[in-house]
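Visitor: My structure file model.csv, CSV, C-alpha atoms, is below:
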```csv
chain,number,residue,atom,x,y,z
A,153,LEU,CA,27.2,-45.3,53.2
A,154,SER,CA,27.8,-42.1,55.1
A,155,LYS,CA,25.1,-40.3,53.1
A,156,ARG,CA,22.7,-43.0,54.3
A,157,GLY,CA,23.5,-42.4,57.9
A,158,CYS,CA,26.1,-45.0,58.5
A,159,TYR,CA,29.1,-44.4,60.7
A,160,CYS,CA,32.0,-45.7,58.9
A,161,LYS,CA,35.6,-46.5,59.8
A,162,VAL,CA,38.3,-47.2,57.2
A,163,PHE,CA,40.9,-49.9,57.9
A,164,PRO,CA,44.1,-50.5,56.0
A,165,ALA,CA,44.1,-53.5,53.6
A,166,LYS,CA,46.1,-55.8,55.9
A,167,THR,CA,44.0,-55.2,59.0
A,168,SER,CA,43.0,-58.5,60.7
A,169,PHE,CA,39.4,-59.4,61.3
A,170,THR,CA,40.1,-59.5,65.0
A,171,GLU,CA,41.2,-55.9,65.0
A,172,MET,CA,38.2,-54.8,62.9
A,173,GLN,CA,35.9,-56.9,65.0
A,174,ALA,CA,37.1,-55.0,68.1
A,175,TRP,CA,35.3,-51.9,66.7
A,176,GLN,CA,32.1,-53.9,66.7
A,177,PRO,CA,30.8,-53.0,63.3
A,178,ASP,CA,27.3,-54.1,62.1
A,179,GLY,CA,28.7,-55.0,58.7
A,180,TYR,CA,31.8,-55.0,56.5
A,181,PHE,CA,32.4,-53.2,53.2
A,182,ILE,CA,35.2,-54.6,51.0
A,183,SER,CA,36.3,-51.8,48.7
A,184,ASN,CA,38.0,-51.5,45.4
A,185,GLY,CA,41.7,-51.6,45.0
A,186,PRO,CA,44.5,-52.3,42.5
A,187,GLY,CA,45.9,-55.4,41.1
A,188,ASP,CA,45.7,-59.1,41.1
A,189,PRO,CA,43.5,-60.5,43.9
A,190,ALA,CA,45.4,-63.8,43.8
A,191,VAL,CA,48.4,-62.1,45.5
A,192,MET,CA,46.3,-60.9,48.4
A,193,PRO,CA,45.9,-64.0,50.7
A,194,TYR,CA,45.6,-61.7,53.7
A,195,ALA,CA,42.4,-60.1,52.3
A,196,VAL,CA,41.0,-63.5,51.4
A,197,GLU,CA,41.6,-64.8,54.9
A,198,THR,CA,40.0,-61.7,56.4
A,199,VAL,CA,36.9,-62.1,54.2
A,200,GLN,CA,36.7,-65.8,55.2
A,201,ALA,CA,36.8,-64.8,58.9
A,202,ILE,CA,33.9,-62.3,58.2
A,203,LEU,CA,31.9,-65.0,56.5
A,204,LYS,CA,32.6,-67.5,59.3
A,205,ALA,CA,31.3,-64.9,61.8
A,206,ASP,CA,28.2,-64.6,59.6
A,207,LYS,CA,28.4,-60.8,59.4
A,208,PRO,CA,26.8,-58.8,56.6
A,209,LEU,CA,29.4,-58.1,53.8
A,210,PHE,CA,29.2,-56.0,50.7
A,211,GLY,CA,32.1,-55.8,48.2
A,212,ILE,CA,32.8,-53.7,45.1
A,213,CYS,CA,35.3,-54.2,42.3
A,214,LEU,CA,38.3,-55.9,43.9
A,215,GLY,CA,35.9,-56.8,46.8
A,216,LEU,CA,34.0,-59.1,44.4
A,217,GLN,CA,37.2,-60.9,43.4
A,218,ILE,CA,38.3,-61.3,47.0
A,219,LEU,CA,34.9,-62.6,48.1
A,220,GLY,CA,35.0,-65.0,45.2
A,221,LEU,CA,38.5,-66.3,46.2
A,222,ALA,CA,37.3,-66.6,49.8
A,223,VAL,CA,34.6,-69.1,48.7
A,224,GLY,CA,36.7,-71.1,46.3
A,225,LEU,CA,36.1,-69.4,43.0
A,226,LYS,CA,38.9,-68.7,40.6
A,227,THR,CA,39.9,-65.4,39.1
A,228,TYR,CA,41.8,-64.6,35.8
A,229,LYS,CA,43.5,-61.7,34.1
A,230,MET,CA,41.3,-60.3,31.4
A,231,HIS,CA,42.8,-59.8,27.9
A,232,HIS,CA,41.4,-56.3,28.0
A,233,GLY,CA,40.1,-55.0,31.3
A,234,HIS,CA,36.9,-52.9,31.7
A,235,ARG,CA,37.8,-49.3,32.1
A,236,GLY,CA,35.7,-46.2,32.1
A,237,LEU,CA,32.0,-45.2,32.1
A,238,ASN,CA,28.8,-46.6,30.6
A,239,HIS,CA,29.5,-50.3,30.8
A,240,PRO,CA,26.1,-52.1,30.5
A,241,VAL,CA,25.3,-54.6,33.2
A,242,LYS,CA,22.2,-56.7,33.6
A,243,ASN,CA,20.8,-57.4,37.1
A,244,LEU,CA,19.7,-61.0,36.7
A,245,ILE,CA,17.4,-60.8,39.8
A,246,THR,CA,15.4,-57.7,38.6
A,247,GLY,CA,16.0,-58.1,34.9
A,248,LYS,CA,16.9,-54.4,34.7
A,249,GLY,CA,20.0,-52.9,33.0
A,250,GLU,CA,22.4,-50.6,34.7
A,251,MET,CA,25.0,-48.2,33.3
A,252,THR,CA,28.1,-48.6,35.4
A,253,SER,CA,31.6,-47.3,35.9
A,254,GLN,CA,34.4,-49.9,35.9
A,255,ASN,CA,38.1,-50.1,36.3
A,256,HIS,CA,39.5,-53.6,36.6
A,257,GLY,CA,41.7,-56.1,34.8
A,258,PHE,CA,40.7,-59.3,36.6
A,259,ALA,CA,37.5,-61.2,36.7
A,260,ILE,CA,35.8,-64.2,38.3
A,261,ASP,CA,36.0,-67.4,36.2
A,262,GLU,CA,32.4,-68.3,35.4
A,263,LYS,CA,33.2,-72.1,35.2
A,264,SER,CA,34.3,-72.0,38.9
A,265,LEU,CA,31.1,-70.1,39.7
A,266,ASP,CA,29.0,-72.9,38.0
A,267,ALA,CA,30.8,-75.5,40.2
A,268,ASN,CA,29.9,-73.7,43.5
A,269,LYS,CA,26.2,-74.2,44.4
A,270,ASP,CA,26.4,-71.7,47.3
A,271,VAL,CA,27.1,-68.8,44.9
A,272,GLN,CA,24.4,-67.1,42.9
A,273,LEU,CA,25.3,-65.1,39.8
A,274,THR,CA,23.4,-61.8,40.1
A,275,HIS,CA,24.9,-59.5,37.5
A,276,VAL,CA,26.5,-59.9,34.1
A,277,HIS,CA,28.3,-57.6,31.7
A,278,LEU,CA,26.2,-57.2,28.6
A,279,ASN,CA,29.2,-56.7,26.2
A,280,ASP,CA,31.2,-59.9,27.1
A,281,ASN,CA,29.1,-61.8,29.7
A,282,THR,CA,31.7,-61.6,32.4
A,283,VAL,CA,30.6,-62.0,36.0
A,284,MET,CA,29.6,-58.7,37.5
A,285,GLY,CA,27.9,-59.7,40.7
A,286,ILE,CA,27.4,-62.6,43.1
A,287,ARG,CA,25.7,-63.3,46.3
A,288,LEU,CA,26.2,-66.2,48.7
A,289,LYS,CA,23.1,-68.3,49.4
A,290,SER,CA,24.1,-69.3,52.9
A,291,LYS,CA,25.6,-66.1,54.1
A,292,LYS,CA,24.7,-62.4,54.3
A,293,ALA,CA,27.2,-61.5,51.6
A,294,PHE,CA,27.0,-60.0,48.1
A,295,SER,CA,29.3,-58.1,45.8
A,296,VAL,CA,29.5,-56.4,42.4
A,297,GLN,CA,32.5,-55.9,40.0
A,298,TYR,CA,31.8,-52.3,39.3
A,299,HIS,CA,31.6,-49.0,41.2
A,300,PRO,CA,28.0,-48.3,42.3
A,301,GLU,CA,29.1,-45.1,44.0
A,302,ALA,CA,30.4,-43.6,40.8
A,303,SER,CA,27.1,-43.0,39.1
A,304,PRO,CA,28.3,-42.4,35.5
A,305,GLY,CA,25.0,-40.9,34.6
A,306,PRO,CA,21.9,-42.0,36.4
A,307,HIS,CA,22.1,-43.6,39.8
A,308,ASP,CA,21.3,-47.0,38.5
A,309,SER,CA,23.3,-48.9,41.1
A,310,ALA,CA,22.6,-46.8,44.2
A,311,TYR,CA,20.1,-49.5,45.4
A,312,LEU,CA,23.1,-51.7,46.3
A,313,PHE,CA,23.9,-49.5,49.3
A,314,ASP,CA,20.3,-49.6,50.4
A,315,ASP,CA,20.3,-53.4,50.1
A,316,PHE,CA,23.4,-53.6,52.3
A,317,ILE,CA,21.8,-51.4,54.9
A,318,SER,CA,18.7,-53.5,54.8
A,319,LEU,CA,20.8,-56.6,55.4
A,320,ILE,CA,22.4,-55.0,58.4
A,321,GLU,CA,19.0,-53.9,59.8
A,322,GLU,CA,17.7,-57.4,59.2
A,323,CYS,CA,20.6,-58.9,61.2
A,324,LYS,CA,20.1,-56.3,64.0
A,325,PHE,CA,16.3,-57.2,64.2
A,326,GLN,CA,17.1,-60.9,64.4
A,327,LYS,CA,19.3,-60.3,67.5
A,328,VAL,CA,16.5,-58.5,69.4
```
Mind turning this structure into structure tokens?

Guide:
Amino acid sequence: LSKRGCYCKVFPAKTSFTEMQAWQPDGYFISNGPGDPAVMPYAVETVQAILKADKPLFGICLGLQILGLAVGLKTYKMHHGHRGLNHPVKNLITGKGEMTSQNHGFAIDEKSLDANKDVQLTHVHLNDNTVMGIRLKSKKAFSVQYHPEASPGPHDSAYLFDDFISLIEECKFQKV
């Protein structure tokens, strides 16, 4: 984001939405992190507050799982997590494949995804069909399960940062 001209501020995981909102950001980026998202209700509550405020939100890795929990999806511990480089992911919107870097042991339950009509599946892992990306139809929020900043080879997933900036710019334009 910094390379694209964004001024960024990093907050600790347990920072409240009220405290972050005082900084008046144009959008929120939910980063990766360790562990089971189900034991992070503080993060889920913060993401719910961001969604309620209708602010642009982009999440990666753990950010996908937290966003999922915030909208009522379920997560589960994978038998074998996804670790390392060169994980093939298909973007269901463009039809293109992406080589990704991943490091996670939890995933969104696809059945709970099917039950939530406000969530669109955007990316799937081509080896095991796990959920790799979602977007909310009624909010300015999307997320992927992998690390688009890692670029394990080509920069297949760099467009996601541009999409987030476009979403922020669109929101700014609507305010004018």

Visitor: Using only C-alpha atoms, pick whichever of A:Pro189, A:Gly257, A:Pro300, A:Gly233 has the shortest atom-to-atom distance to A:Gly220.

Guide: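 Nearest candidate to A:Gly220 out of A:Pro189, A:Gly257, A:Pro300, A:Gly233: A:Pro189.
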
Visitor: Rank nothing, just name the residue among A:Ala302, A:Val191, A:Leu273, A:Leu153 nearest to A:Leu288, using all atoms listed in the file.

Guide: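 Nearest to A:Leu288: A:Leu273.
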
Visitor: What is the atom CA of A:Lys248-atom CA of A:Cys213 distance in Å, reported with one decimal?

Guide: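 One can read the atom CA of A:Lys248 to atom CA of A:Cys213 distance as 19.9 Å.
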
Visitor: Just give me the gap between atom CA of A:Lys289 and atom CA of A:Lys269 in Å, one decimal is fine.

Guide: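 Between atom CA of A:Lys289 and atom CA of A:Lys269 the gap is 8.3 Å.
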
Visitor: The residues within 12 Å of (28.6, -56.3, 67.0), using only C-alpha atoms and the coordinates of the file, should be reported as a count of residues only; which are they?

Guide: 18

Visitor: How many Å separate atom CA of A:Phe169 from atom CA of A:Gln272?

Guide: 25.0 Å

Visitor: Check the smallest atom-to-atom distance from each of A:Ser290, A:Gln200, A:Ser318, A:Ser309 to A:Leu221 using only C-alpha atoms, then report the winner.

Guide: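 Among A:Ser290, A:Gln200, A:Ser318, A:Ser309, it is A:Gln200 that comes nearest to A:Leu221.
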
Visitor: Out of A:Ala190, A:Met230, A:Leu219, A:Ala267, which residue has the shortest atom-to-atom distance to A:Ile286 when counting all atoms listed in the file?

Guide: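 Smallest separation from A:Ile286 among the options: A:Leu219.
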
Visitor: With distances taken over only C-alpha atoms, which residue among A:Ala195, A:Cys160, A:Leu278, A:Ala165 lies nearest A:His234?

Guide: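 Residue with the minimum atom-to-atom distance to A:His234: A:Leu278.
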
Visitor: Residues near A:Tyr311, anyone? I mean within 12 Å using all atoms listed in the file, not counting same-chain ones fewer than 4 positions away, as a list in words.

Guide: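 In the requested form, the answer reads Leu153, Arg156, Asn243, Thr246, Glu250, Pro300, Glu301, Ser303, Pro306, His307, Asp315, Phe316, Ile317 and Ser318 of chain A.
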
Visitor: Nearest to A:Ser183: which of A:Glu321, A:Val162, A:Gly236, A:Val241 is it, counting all atoms listed in the file?

Guide: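 Once distances to A:Ser183 are computed over all atoms listed in the file, the minimum belongs to A:Val162.
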